[in-house]
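S.K.: Data file target_36.txt (compact mmCIF, C-alpha atoms and all ligand atoms) is appended below.
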```
# COMPACT_ATOMS: atom_id res chain seq x y z
CA MET B 1 -31.32 54.46 16.16
CA HIS B 2 -33.51 51.85 17.86
CA ILE B 3 -36.97 51.47 16.28
CA GLU B 4 -38.69 51.23 19.66
CA SER B 5 -37.03 54.27 21.24
CA ALA B 6 -37.26 56.65 18.23
CA THR B 7 -39.88 59.41 18.40
CA GLN B 8 -42.69 59.61 15.84
CA GLU B 9 -40.91 62.51 14.11
CA GLN B 10 -37.65 60.60 13.96
CA LEU B 11 -39.44 57.59 12.48
CA ILE B 12 -41.07 59.73 9.81
CA GLU B 13 -37.76 61.37 8.94
CA TRP B 14 -35.99 58.00 8.88
CA GLU B 15 -38.61 56.49 6.58
CA LYS B 16 -38.33 59.44 4.18
CA GLU B 17 -34.57 59.12 3.97
CA LEU B 18 -34.69 55.39 3.32
CA SER B 19 -37.52 55.73 0.78
CA ALA B 20 -35.43 58.16 -1.23
CA HIS B 21 -32.48 55.76 -1.13
CA TYR B 22 -34.76 52.84 -2.10
CA LYS B 23 -36.18 54.75 -5.08
CA LYS B 24 -32.67 55.30 -6.43
CA ILE B 25 -31.83 51.62 -6.06
CA CYS B 26 -34.99 50.66 -7.95
CA GLN B 27 -33.61 52.57 -10.91
CA HIS B 28 -30.41 50.46 -11.02
CA GLY B 29 -32.22 47.62 -12.84
CA LEU B 30 -30.79 44.94 -10.55
CA ASN B 31 -31.52 41.30 -11.29
CA LEU B 32 -30.27 39.28 -8.32
CA ASP B 33 -31.51 36.03 -6.84
CA ILE B 34 -30.99 34.63 -3.33
CA THR B 35 -33.94 32.25 -3.37
CA ARG B 36 -32.96 28.61 -3.56
CA GLY B 37 -30.06 26.85 -1.89
CA LYS B 38 -28.17 25.93 -5.00
CA PRO B 39 -24.39 25.39 -5.06
CA SER B 40 -22.48 28.03 -7.01
CA ALA B 41 -20.68 27.26 -10.26
CA GLU B 42 -17.41 27.44 -8.30
CA GLN B 43 -18.67 24.68 -6.00
CA LEU B 44 -19.90 22.57 -8.90
CA ASN B 45 -16.47 22.89 -10.51
CA LEU B 46 -14.96 21.03 -7.53
CA SER B 47 -16.54 17.82 -8.82
CA ASP B 48 -15.87 18.10 -12.54
CA LYS B 49 -13.39 15.21 -12.29
CA LEU B 50 -16.49 12.97 -12.15
CA ASP B 51 -16.65 13.43 -15.88
CA GLY B 52 -14.38 10.88 -17.48
CA ILE B 53 -13.29 9.28 -14.20
CA LEU B 54 -14.41 5.83 -15.40
CA SER B 55 -12.18 5.90 -18.49
CA SER B 56 -14.40 3.27 -20.11
CA ASP B 57 -13.96 0.91 -17.13
CA TYR B 58 -17.56 0.39 -16.15
CA ARG B 59 -17.06 -2.60 -13.87
CA THR B 60 -17.09 -2.54 -10.10
CA ALA B 61 -14.48 -4.38 -8.03
CA ASP B 62 -16.80 -7.42 -7.88
CA GLY B 63 -17.19 -7.44 -11.66
CA THR B 64 -20.67 -5.90 -11.98
CA ASP B 65 -21.10 -4.18 -15.34
CA THR B 66 -22.77 -0.95 -14.26
CA ARG B 67 -24.05 -0.27 -17.77
CA ASN B 68 -26.45 -3.14 -17.56
CA TYR B 69 -29.81 -3.60 -15.85
CA GLY B 70 -30.23 -4.78 -12.27
CA GLY B 71 -29.19 -4.19 -8.70
CA LEU B 72 -32.33 -2.75 -7.11
CA VAL B 73 -30.57 -1.46 -3.97
CA GLY B 74 -27.68 0.11 -5.84
CA LEU B 75 -23.98 -0.73 -6.02
CA ASN B 76 -22.26 -1.77 -2.81
CA CYS B 77 -19.56 0.84 -3.33
CA ALA B 78 -22.22 3.57 -3.63
CA ARG B 79 -24.07 2.26 -0.58
CA GLU B 80 -20.77 2.56 1.29
CA LEU B 81 -20.72 6.27 0.50
CA GLY B 82 -24.28 6.61 1.86
CA ALA B 83 -23.26 4.63 4.93
CA GLU B 84 -20.39 7.05 5.52
CA MET B 85 -22.65 10.09 5.14
CA LEU B 86 -25.32 8.74 7.47
CA GLN B 87 -23.03 6.77 9.81
CA VAL B 88 -24.99 3.54 9.43
CA PRO B 89 -24.10 0.00 8.31
CA VAL B 90 -23.91 -0.47 4.55
CA GLU B 91 -26.51 -3.29 4.61
CA GLU B 92 -29.08 -0.74 5.78
CA VAL B 93 -28.56 1.61 2.83
CA ILE B 94 -30.21 1.77 -0.58
CA ALA B 95 -28.40 3.91 -3.15
CA GLY B 96 -30.90 5.36 -5.62
CA GLY B 97 -31.03 7.97 -8.34
CA ASN B 98 -30.08 11.62 -8.17
CA SER B 99 -32.59 12.93 -5.63
CA SER B 100 -33.23 12.20 -1.96
CA LEU B 101 -36.46 14.19 -2.28
CA THR B 102 -37.69 11.54 -4.72
CA LEU B 103 -36.82 8.82 -2.19
CA MET B 104 -38.71 10.76 0.50
CA TYR B 105 -41.69 11.08 -1.81
CA TYR B 106 -41.63 7.32 -2.51
CA ALA B 107 -41.30 6.61 1.21
CA VAL B 108 -44.27 8.78 2.17
CA LEU B 109 -46.21 7.18 -0.66
CA ASN B 110 -45.23 3.77 0.65
CA GLY B 111 -46.60 4.55 4.10
CA TYR B 112 -49.69 6.07 2.55
CA LEU B 113 -50.53 3.34 0.05
CA PHE B 114 -49.24 0.18 1.69
CA GLY B 115 -48.09 0.90 5.26
CA PHE B 116 -44.55 0.19 6.44
CA ALA B 117 -43.58 -3.21 7.79
CA GLY B 118 -47.11 -4.61 7.88
CA ASN B 119 -48.69 -1.58 9.58
CA THR B 120 -52.00 -0.02 8.51
CA ALA B 121 -51.70 2.10 5.35
CA TRP B 122 -52.04 5.76 6.30
CA ARG B 123 -54.76 6.28 3.69
CA GLU B 124 -57.00 4.05 5.78
CA LEU B 125 -56.79 6.36 8.79
CA LYS B 126 -59.47 8.96 9.41
CA ALA B 127 -57.18 11.97 9.27
CA PRO B 128 -53.47 11.12 8.81
CA LYS B 129 -51.21 13.91 10.05
CA PHE B 130 -47.53 14.84 9.98
CA LEU B 131 -45.73 16.99 12.51
CA CYS B 132 -43.76 19.76 10.82
CA PRO B 133 -41.09 21.64 12.74
CA VAL B 134 -41.28 25.25 11.52
CA PRO B 135 -39.78 27.09 9.86
CA GLY B 136 -38.91 24.09 7.69
CA TYR B 137 -38.27 22.83 4.17
CA ASP B 138 -41.09 23.73 1.79
CA ARG B 139 -40.72 20.64 -0.38
CA HIS B 140 -41.39 18.33 2.58
CA PHE B 141 -44.64 20.18 3.10
CA THR B 142 -45.57 19.94 -0.57
CA ILE B 143 -45.36 16.13 -0.41
CA CYS B 144 -47.84 16.01 2.48
CA GLU B 145 -50.10 18.60 0.91
CA GLN B 146 -50.26 16.70 -2.37
CA LEU B 147 -51.31 13.50 -0.60
CA GLY B 148 -53.83 15.29 1.60
CA ILE B 149 -51.87 14.57 4.78
CA GLU B 150 -52.67 17.25 7.32
CA MET B 151 -49.71 19.16 8.73
CA ILE B 152 -49.27 20.46 12.26
CA ASN B 153 -46.73 23.20 12.99
CA ILE B 154 -44.19 22.47 15.72
CA PRO B 155 -42.03 25.40 16.84
CA MET B 156 -38.27 25.01 16.39
CA GLY B 157 -36.01 26.04 19.25
CA ALA B 158 -32.25 26.24 19.66
CA ASN B 159 -32.05 22.46 20.29
CA GLY B 160 -34.52 21.30 17.65
CA PRO B 161 -38.31 20.88 17.64
CA ASP B 162 -40.30 21.61 20.79
CA MET B 163 -40.30 18.06 22.11
CA ASP B 164 -42.88 18.63 24.88
CA THR B 165 -45.44 19.46 22.19
CA VAL B 166 -44.29 16.65 19.90
CA GLU B 167 -44.56 14.02 22.66
CA LYS B 168 -47.94 15.28 23.81
CA LEU B 169 -49.44 15.25 20.30
CA VAL B 170 -48.00 11.87 19.37
CA GLN B 171 -49.40 10.38 22.57
CA GLU B 172 -52.85 11.96 22.19
CA ASP B 173 -53.52 11.42 18.50
CA SER B 174 -52.94 8.02 16.87
CA ASP B 175 -53.54 9.58 13.44
CA ILE B 176 -50.16 11.30 13.71
CA ILE B 177 -48.09 9.09 11.45
CA GLY B 178 -44.94 11.07 10.82
CA ILE B 179 -42.59 13.93 11.57
CA TRP B 180 -40.20 15.75 9.23
CA CYS B 181 -36.75 16.31 10.70
CA VAL B 182 -33.71 18.01 9.18
CA PRO B 183 -31.52 17.21 12.16
CA LYS B 184 -28.25 18.88 11.18
CA PHE B 185 -28.02 22.47 9.92
CA SER B 186 -31.77 22.44 9.54
CA ASN B 187 -33.32 24.11 6.50
CA PRO B 188 -33.69 27.03 7.10
CA THR B 189 -32.73 27.68 10.74
CA GLY B 190 -29.30 26.01 10.68
CA THR B 191 -30.16 24.26 13.96
CA THR B 192 -28.53 20.96 14.87
CA TYR B 193 -30.68 18.83 17.15
CA SER B 194 -29.15 18.36 20.62
CA LYS B 195 -28.32 14.94 22.07
CA GLU B 196 -31.33 15.25 24.35
CA THR B 197 -33.66 16.06 21.44
CA VAL B 198 -32.38 13.11 19.39
CA GLY B 199 -32.82 10.88 22.44
CA ARG B 200 -36.42 12.03 22.90
CA ILE B 201 -37.19 11.61 19.20
CA ALA B 202 -35.80 8.07 19.38
CA GLN B 203 -38.33 7.34 22.14
CA LEU B 204 -41.37 8.55 20.19
CA GLY B 205 -41.86 5.02 18.90
CA LEU B 206 -42.64 3.90 22.44
CA VAL B 207 -45.80 6.03 22.56
CA ALA B 208 -46.75 6.67 18.92
CA SER B 209 -49.06 4.53 16.80
CA PRO B 210 -47.22 1.51 15.29
CA GLY B 211 -47.17 2.98 11.77
CA PHE B 212 -45.47 6.21 12.93
CA ARG B 213 -42.28 7.11 11.03
CA ILE B 214 -39.59 9.73 11.58
CA PHE B 215 -38.38 11.18 8.28
CA TRP B 216 -34.76 11.99 9.18
CA ASP B 217 -33.64 14.09 6.23
CA ASN B 218 -29.94 14.45 6.93
CA ALA B 219 -29.37 16.55 3.81
CA TYR B 220 -26.56 18.54 5.47
CA SER B 221 -24.79 15.76 7.37
CA VAL B 222 -21.31 16.66 6.07
CA HIS B 223 -21.86 20.34 5.32
CA ASP B 224 -20.00 22.00 8.20
CA PHE B 225 -18.25 25.28 7.41
CA GLY B 226 -17.72 26.53 10.96
CA HIS B 227 -16.90 24.59 14.13
CA PRO B 228 -17.50 20.94 13.19
CA ILE B 229 -20.68 19.68 14.82
CA ASN B 230 -21.47 16.13 15.87
CA LEU B 231 -25.06 15.04 15.47
CA THR B 232 -26.16 12.24 17.79
CA ASN B 233 -26.74 9.06 15.79
CA ILE B 234 -30.49 8.42 15.55
CA ARG B 235 -30.01 4.77 14.56
CA THR B 236 -28.00 4.02 17.70
CA ALA B 237 -30.51 5.94 19.82
CA THR B 238 -33.49 4.02 18.39
CA LEU B 239 -31.70 0.68 18.78
CA GLU B 240 -31.23 1.50 22.49
CA ASN B 241 -34.99 2.05 22.75
CA ASP B 242 -36.04 -0.83 20.53
CA THR B 243 -37.69 1.65 18.15
CA ALA B 244 -35.40 1.27 15.11
CA ASP B 245 -38.36 0.55 12.80
CA CYS B 246 -39.62 4.11 13.36
CA VAL B 247 -36.85 5.85 11.44
CA LEU B 248 -36.15 6.42 7.76
CA GLN B 249 -32.97 8.36 7.02
CA PHE B 250 -32.13 10.23 3.84
CA ALA B 251 -29.09 11.92 2.33
CA SER B 252 -27.61 12.69 -1.05
CA THR B 253 -24.56 14.07 -2.76
CA SER B 254 -26.61 16.89 -4.30
CA LYS B 255 -24.71 19.55 -2.38
CA VAL B 256 -21.51 17.56 -2.39
CA THR B 257 -20.89 16.92 -6.10
CA HIS B 258 -23.22 18.04 -8.91
CA ALA B 259 -26.61 19.05 -7.52
CA GLY B 260 -28.64 17.77 -10.44
CA SER B 261 -26.74 14.54 -11.01
CA GLY B 262 -25.65 13.13 -7.69
CA VAL B 263 -26.59 9.95 -5.83
CA ALA B 264 -29.29 9.75 -3.15
CA PHE B 265 -29.58 7.36 -0.23
CA VAL B 266 -32.23 6.00 2.09
CA SER B 267 -31.36 4.03 5.20
CA ALA B 268 -33.68 2.11 7.51
CA SER B 269 -34.22 -1.15 9.37
CA GLN B 270 -34.54 -4.31 7.26
CA ALA B 271 -38.31 -4.36 7.84
CA ASN B 272 -38.66 -0.87 6.36
CA LEU B 273 -36.18 -1.57 3.56
CA ASN B 274 -38.24 -4.61 2.61
CA SER B 275 -41.34 -2.41 2.31
CA LEU B 276 -39.42 0.05 0.15
CA LYS B 277 -37.93 -2.70 -2.02
CA ALA B 278 -41.35 -4.24 -2.62
CA GLN B 279 -42.56 -0.87 -3.88
CA MET B 280 -39.41 -0.14 -5.91
CA GLN B 281 -39.30 -3.47 -7.70
CA ALA B 282 -42.60 -2.58 -9.34
CA MET B 283 -41.22 0.80 -10.41
CA THR B 284 -37.74 0.02 -11.72
CA ILE B 285 -35.29 -2.69 -12.67
CA GLY B 286 -32.57 -0.75 -10.93
CA PRO B 287 -31.05 2.72 -10.40
CA GLU B 288 -28.49 4.58 -12.52
CA LYS B 289 -25.38 2.65 -11.55
CA VAL B 290 -22.86 4.26 -13.90
CA ASN B 291 -23.17 7.50 -11.96
CA GLN B 292 -23.00 5.59 -8.69
CA LEU B 293 -19.69 4.07 -9.79
CA ARG B 294 -18.41 7.49 -10.83
CA HIS B 295 -19.18 8.81 -7.36
CA SER B 296 -17.56 5.86 -5.65
CA ARG B 297 -14.37 6.24 -7.70
CA PHE B 298 -14.35 10.00 -7.16
CA PHE B 299 -14.33 9.56 -3.38
CA THR B 300 -11.83 6.73 -3.28
CA GLU B 301 -9.40 7.59 -6.06
CA TYR B 302 -9.58 11.36 -6.39
CA THR B 303 -10.45 12.83 -3.00
CA SER B 304 -12.00 11.93 0.35
CA LEU B 305 -15.42 13.15 1.42
CA ASN B 306 -13.89 15.21 4.23
CA GLU B 307 -11.27 16.84 2.06
CA HIS B 308 -13.88 17.63 -0.59
CA MET B 309 -16.29 19.17 1.91
CA ARG B 310 -13.50 21.37 3.29
CA LYS B 311 -13.20 22.88 -0.20
CA HIS B 312 -16.94 23.62 -0.24
CA ALA B 313 -16.61 25.15 3.22
CA SER B 314 -13.94 27.57 2.12
CA ILE B 315 -16.17 28.79 -0.72
CA LEU B 316 -19.28 29.08 1.45
CA ARG B 317 -17.71 30.63 4.57
CA PRO B 318 -17.12 34.14 3.10
CA LYS B 319 -20.68 34.19 1.72
CA PHE B 320 -22.26 33.47 5.08
CA LYS B 321 -19.90 35.99 6.66
CA CYS B 322 -21.10 38.59 4.16
CA VAL B 323 -24.77 37.93 4.99
CA LEU B 324 -24.20 38.00 8.74
CA GLU B 325 -22.15 41.19 8.57
CA HIS B 326 -24.85 42.98 6.61
CA LEU B 327 -27.52 41.89 9.06
CA HIS B 328 -25.43 42.82 12.08
CA ASN B 329 -24.25 46.19 10.80
CA ALA B 330 -27.65 47.33 9.55
CA LEU B 331 -30.12 45.80 11.95
CA THR B 332 -28.67 45.05 15.37
CA ASP B 333 -28.83 48.59 16.77
CA ALA B 334 -32.13 49.27 15.05
CA ALA B 335 -33.61 46.05 16.55
CA MET B 336 -35.39 45.30 13.28
CA GLY B 337 -35.16 41.52 13.25
CA THR B 338 -33.42 38.46 14.57
CA TRP B 339 -31.45 35.80 12.75
CA GLU B 340 -29.53 32.57 13.17
CA LYS B 341 -25.76 32.23 12.80
CA PRO B 342 -25.33 28.77 11.30
CA GLU B 343 -22.10 26.74 11.41
CA GLY B 344 -23.03 24.83 8.26
CA GLY B 345 -25.78 24.04 5.79
CA TYR B 346 -27.16 26.36 3.16
CA PHE B 347 -29.36 28.99 4.78
CA VAL B 348 -29.70 31.91 7.12
CA SER B 349 -33.13 32.15 8.68
CA PHE B 350 -34.20 35.74 9.28
CA ASN B 351 -37.16 36.89 11.35
CA THR B 352 -38.52 40.35 10.65
CA LEU B 353 -40.67 42.19 13.15
CA PRO B 354 -44.11 40.51 13.17
CA GLY B 355 -46.13 41.11 10.01
CA CYS B 356 -43.28 42.40 7.83
CA ALA B 357 -41.95 39.41 5.87
CA LYS B 358 -44.28 39.68 2.88
CA ALA B 359 -43.63 43.41 2.63
CA VAL B 360 -39.85 42.88 2.70
CA VAL B 361 -40.01 40.24 -0.06
CA LYS B 362 -42.18 42.54 -2.21
CA LEU B 363 -39.93 45.57 -1.69
CA ALA B 364 -36.86 43.50 -2.55
CA ALA B 365 -38.52 42.05 -5.67
CA ASP B 366 -39.45 45.53 -6.87
CA ALA B 367 -35.82 46.56 -6.42
CA GLY B 368 -34.62 43.55 -8.46
CA VAL B 369 -33.67 41.15 -5.64
CA LYS B 370 -35.54 37.88 -5.62
CA LEU B 371 -36.09 36.24 -2.23
CA THR B 372 -37.80 32.98 -1.26
CA PRO B 373 -41.52 33.83 -1.00
CA ALA B 374 -42.57 34.77 2.52
CA GLY B 375 -44.46 31.89 4.08
CA ALA B 376 -42.65 29.24 2.01
CA THR B 377 -41.00 27.86 5.13
CA PHE B 378 -44.39 26.92 6.62
CA PRO B 379 -46.99 24.26 5.72
CA TYR B 380 -49.57 25.56 3.23
CA GLY B 381 -47.32 28.63 2.73
CA GLU B 382 -48.86 30.24 5.79
CA ASP B 383 -46.50 31.87 8.24
CA PRO B 384 -48.80 32.78 11.14
CA GLU B 385 -46.52 35.64 12.23
CA ASP B 386 -45.57 36.69 8.68
CA ASN B 387 -42.00 37.15 9.87
CA ASN B 388 -39.75 34.41 8.48
CA ILE B 389 -37.53 34.83 5.43
CA ARG B 390 -35.02 32.25 4.23
CA ILE B 391 -31.79 33.71 2.86
CA ALA B 392 -29.79 31.42 0.56
CA PRO B 393 -26.27 32.83 0.12
CA SER B 394 -24.60 29.99 -1.79
CA PHE B 395 -25.44 30.62 -5.44
CA PRO B 396 -24.53 34.19 -6.38
CA PRO B 397 -20.92 35.35 -6.61
CA LEU B 398 -19.79 37.24 -3.48
CA GLU B 399 -20.03 40.64 -5.12
CA GLU B 400 -23.66 40.08 -6.17
CA LEU B 401 -24.53 38.68 -2.77
CA ASP B 402 -23.07 41.79 -1.18
CA THR B 403 -25.29 44.01 -3.35
CA ALA B 404 -28.34 41.81 -2.74
CA MET B 405 -27.82 41.96 1.01
CA SER B 406 -27.48 45.74 1.05
CA VAL B 407 -30.85 45.89 -0.73
CA PHE B 408 -32.30 43.28 1.64
CA VAL B 409 -31.41 45.15 4.83
CA LEU B 410 -32.72 48.39 3.33
CA CYS B 411 -36.04 46.66 2.58
CA VAL B 412 -36.17 45.24 6.12
CA LYS B 413 -35.68 48.72 7.55
CA LEU B 414 -38.27 50.28 5.26
CA ALA B 415 -40.88 47.61 5.93
CA SER B 416 -40.29 47.79 9.68
CA LEU B 417 -40.62 51.58 9.73
CA ARG B 418 -43.74 51.58 7.57
CA LYS B 419 -45.33 48.95 9.77
CA LYS B 420 -44.46 50.89 12.90
CA LEU B 421 -45.79 54.13 11.43
CA ASP B 422 -49.07 52.50 10.38
CA MET B 423 -49.47 51.19 13.88
CA ALA B 424 -48.52 54.44 15.65
N1 LIG B 501 -33.72 18.00 1.94
C1 LIG B 501 -33.39 19.23 2.32
C2 LIG B 501 -33.53 19.62 3.75
C3 LIG B 501 -32.93 20.15 1.39
O1 LIG B 501 -32.61 21.38 1.79
C4 LIG B 501 -32.79 19.76 0.05
C5 LIG B 501 -32.31 20.68 -1.03
N2 LIG B 501 -32.64 21.99 -0.89
C6 LIG B 501 -33.17 18.47 -0.32
C7 LIG B 501 -33.61 17.60 0.65
C8 LIG B 501 -33.12 18.01 -1.73
O2 LIG B 501 -32.21 17.00 -1.87
P1 LIG B 501 -32.02 16.21 -3.22
O3 LIG B 501 -31.32 17.08 -4.17
O4 LIG B 501 -31.20 15.03 -2.80
O5 LIG B 501 -33.37 15.79 -3.72
```
Now, as a test, write the supplied structure out as structure tokens.

M.R.:
Amino acid sequence: MHIESATQEQLIEWEKELSAHYKKICQHGLNLDITRGKPSAEQLNLSDKLDGILSSDYRTADGTDTRNYGGLVGLNCARELGAEMLQVPVEEVIAGGNSSLTLMYYAVLNGYLFGFAGNTAWRELKAPKFLCPVPGYDRHFTICEQLGIEMINIPMGANGPDMDTVEKLVQEDSDIIGIWCVPKFSNPTGTTYSKETVGRIAQLGLVASPGFRIFWDNAYSVHDFGHPINLTNIRTATLENDTADCVLQFASTSKVTHAGSGVAFVSASQANLNSLKAQMQAMTIGPEKVNQLRHSRFFTEYTSLNEHMRKHASILRPKFKCVLEHLHNALTDAAMGTWEKPEGGYFVSFNTLPGCAKAVVKLAADAGVKLTPAGATFPYGEDPEDNNIRIAPSFPPLEELDTAMSVFVLCVKLASLRKKLDMA
């Protein structure tokens, strides 16, 4: 039955039926969690060979003893891994600690406190602002919020952010000093930016204020599980436009090896790297190089990055299939939402009917299924339409995911019907 073509009586009857079913489920005492995009234990197991791979040989090919201090930009062999992930020259990569989010935080702080490459520090501007394609990654937004950088929502489309709006704003307001981009398998929509979008982003530096920076968070650069997708290289595109100083790229092995103990990378022009190095050399004598060496050996001696990611793909594929089947079977005919069908990454972005997301999350929580809070995918936690929910299928075993999704679609139906009945 289609929610828009059902009669009032049919809607009432339908709601009653589903409420009864929901009440029963609430008594099952479920305790399921599809909130954060964490790799499953099965995925983590794929990288357990990291442990012990050094066999007490802590030296790199050039003789560096990784146990000792030093090497601010990380080991060359680790930087090579970052260069492979981001498709950039190794000289433009810094290999850091375990978290790319930390590197992003440092980079925003760098722009804010000191200014990149001799440009005005953002804190000296009247009202520094970042453009935030939405729905997006909540932790990007938290960084801006903590530093008091205002955020402006930019709608995401099938090819990436709405570039007409981005270009207009960047041209009009010189206080716009950054944009967050997750260009491949975007969190949460799964979108990969088209060649045209990347080309237009690469040209922003021609019209933006000189301190403007694109935060190119390529967290899912090698995380294809469907048809392999080629993202246009932002570095090449900016070099063609003489805007290479506008981009900072990030990646990590968090969702490649062990999420909590991987290696993170930042890549940028030498001018930007010099700004970052000046900041870093006051913070640290050097990163954790033993783990960097472990990662380098893992991907040269044990497996290749491609082969390893294919193993992740075969674990993730059935989970995404499960989510998409539940959504399709339960909601397509009823027209109670829309969703993306990603070919990689970690999320399925689901849009309820307007004004239903919070209600769905609450219903699911009361039935024992934890979802990412509604609104989390928007700056300040405010989803203007209250309709976006991020589903993260990777962590639970397939059987639990299947149960969680049957509860989820039931909650979507109930919330949609209740909303419709209130309005009728
Ligand atoms: N960026 C995006 C878009 C992410 O989805 C995530 C993890 N959820 C991160 C960064 C975090 O990466 P890391 O573990 O390297 O800090």

S.K.: With distances taken over only C-alpha atoms and all ligand atoms, which residue among B:Ile25, B:Leu131, B:Ala121, B:Ala259 lies nearest ligand LIG 501 (chain B)?

M.R.: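 Distance minimum relative to ligand LIG 501 (chain B) lands on B:Ala259.
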
S.K.: Which residues are close to Ile149 in chain B, i.e. within 9 Å by all atoms listed in the file, leaving aside same-chain residues fewer than 2 positions away? Reply as a PyMOL selection string.

M.R.: chain B and resi 122-123+127-130+143-147+151

S.K.: Which residues sit within 8 Å of ligand LIG 501 (chain B), counting only C-alpha atoms and all ligand atoms, listed as JSON, numbers by chain?

M.R.: {"B": [36, 37, 38, 98, 99, 100, 101, 102, 103, 137, 139, 140, 182, 186, 187, 188, 217, 218, 219, 220, 251, 252, 253, 254, 255, 259, 260, 262, 263, 264, 346]}

S.K.: With a cut-off of 8 Å, could you pull out the residues of range 182-253 of chain B touching range 309-326 of chain B and give me the nearest pair of atoms for each, distance in Å to one decimal, using all atoms listed in the file, ordered by chain and ascending number, as a tab-separated table?

M.R.:
```
residue	atom	partner	partner_atom	distance
B:Val222	CA	B:Met309	CA	7.0
B:His223	CA	B:Met309	CA	6.6
B:Asp224	CA	B:Ala313	CA	6.8
B:Phe225	CA	B:Ala313	CA	4.5
B:Gly226	CA	B:Arg317	CA	7.6
```

S.K.: Dump C-alpha atoms for the selected residues as a PDB file, keeping the file's coordinate frame?

M.R.:
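The result, stored in part.pdb:
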```pdb
ATOM      1  CA  VAL B 222     -21.310  16.660   6.070  1.00  0.00           C
ATOM      2  CA  HIS B 223     -21.860  20.340   5.320  1.00  0.00           C
ATOM      3  CA  ASP B 224     -20.000  22.000   8.200  1.00  0.00           C
ATOM      4  CA  PHE B 225     -18.250  25.280   7.410  1.00  0.00           C
ATOM      5  CA  GLY B 226     -17.720  26.530  10.960  1.00  0.00           C
TER       6      GLY B 226
END
```

S.K.: Could you tell me which of B:Ser406, B:Leu417, B:Ile214, B:Glu399 comes closest to Glu9 in chain B if we count all atoms listed in the file?

M.R.: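 Closest to Glu9 in chain B of all the choices is B:Leu417.
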
S.K.: Excluding same-chain residues fewer than 5 positions from Ser55 in chain B, what lies within 12 Å of it counting all atoms listed in the file, as an MDAnalysis selection string?

M.R.: chainID B and resid 49:50 290 293:294 297

S.K.: Please check which residues have atoms at most 10 Å from (-27.6, 23.7, 16.0) in the file's coordinates, counting only C-alpha atoms, and write them as a VMD selection string.

M.R.: chain B and resid 157 to 160 183 to 186 189 to 194 229 to 231 340 to 344

S.K.: Output C-alpha atoms for every residue in the selection just made, as a PDB file, keeping the file's coordinate frame.

M.R.:
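See again-v6.pdb below for the written result:
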```
ATOM      1  CA  GLY B 157     -36.010  26.040  19.250  1.00  0.00           C
ATOM      2  CA  ALA B 158     -32.250  26.240  19.660  1.00  0.00           C
ATOM      3  CA  ASN B 159     -32.050  22.460  20.290  1.00  0.00           C
ATOM      4  CA  GLY B 160     -34.520  21.300  17.650  1.00  0.00           C
ATOM      5  CA  PRO B 183     -31.520  17.210  12.160  1.00  0.00           C
ATOM      6  CA  LYS B 184     -28.250  18.880  11.180  1.00  0.00           C
ATOM      7  CA  PHE B 185     -28.020  22.470   9.920  1.00  0.00           C
ATOM      8  CA  SER B 186     -31.770  22.440   9.540  1.00  0.00           C
ATOM      9  CA  THR B 189     -32.730  27.680  10.740  1.00  0.00           C
ATOM     10  CA  GLY B 190     -29.300  26.010  10.680  1.00  0.00           C
ATOM     11  CA  THR B 191     -30.160  24.260  13.960  1.00  0.00           C
ATOM     12  CA  THR B 192     -28.530  20.960  14.870  1.00  0.00           C
ATOM     13  CA  TYR B 193     -30.680  18.830  17.150  1.00  0.00           C
ATOM     14  CA  SER B 194     -29.150  18.360  20.620  1.00  0.00           C
ATOM     15  CA  ILE B 229     -20.680  19.680  14.820  1.00  0.00           C
ATOM     16  CA  ASN B 230     -21.470  16.130  15.870  1.00  0.00           C
ATOM     17  CA  LEU B 231     -25.060  15.040  15.470  1.00  0.00           C
ATOM     18  CA  GLU B 340     -29.530  32.570  13.170  1.00  0.00           C
ATOM     19  CA  LYS B 341     -25.760  32.230  12.800  1.00  0.00           C
ATOM     20  CA  PRO B 342     -25.330  28.770  11.300  1.00  0.00           C
ATOM     21  CA  GLU B 343     -22.100  26.740  11.410  1.00  0.00           C
ATOM     22  CA  GLY B 344     -23.030  24.830   8.260  1.00  0.00           C
TER      23      GLY B 344
END
```

S.K.: Would you pick out the contacts of range 347-356 of chain B at 6 Å or less, using only C-alpha atoms, so that residues sharing its chain but fewer than 5 positions from it are not included, and give the list as a list in words?

M.R.: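 The residues satisfying every condition are Pro188, Thr189, Gly337, Thr338, Trp339, Glu340, Glu385, Asp386, Asn387, Asn388, Ile389, Arg390, Ile391 and Ala392 of chain B.
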
S.K.: CA of Val134 in chain B and CA of Trp180 in chain B, how far apart in Å?

M.R.: 9.8 Å

S.K.: Expressed in Å to a single decimal, how great is the separation between CA of Pro379 in chain B and CA of Thr142 in chain B?

M.R.: 7.8 Å

S.K.: From the options B:Thr372, B:Ser269, B:Asn306, B:Ser261, which residue's atoms come nearest to Arg213 in chain B, counting only C-alpha atoms?

M.R.: B:Ser269

S.K.: Which residues come within 9 Å of Leu414 in chain B, counting all atoms listed in the file, excluding same-chain residues fewer than 6 positions away, as a ChimeraX atom specification?

M.R.: /B:14-15,18-19,22,360,363

S.K.: Quick check, in Å to one decimal: how far apart do CA of Asp242 in chain B and CA of Phe141 in chain B lie?

M.R.: 28.6 Å

S.K.: Nearest to Leu273 in chain B: which of B:Ala376, B:Cys246, B:Leu44, B:Leu169 is it, counting all atoms listed in the file?

M.R.: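 Distance minimum relative to Leu273 in chain B lands on B:Cys246.
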
S.K.: List as number ranges by chain the residues having at least one atom at most 12 Å from position (-47.3, 17.8, 19.9) as given in the file, counting all atoms listed in the file.

M.R.: B: 129-133, 151-155, 161-174, 176, 178-179, 201, 204, 208
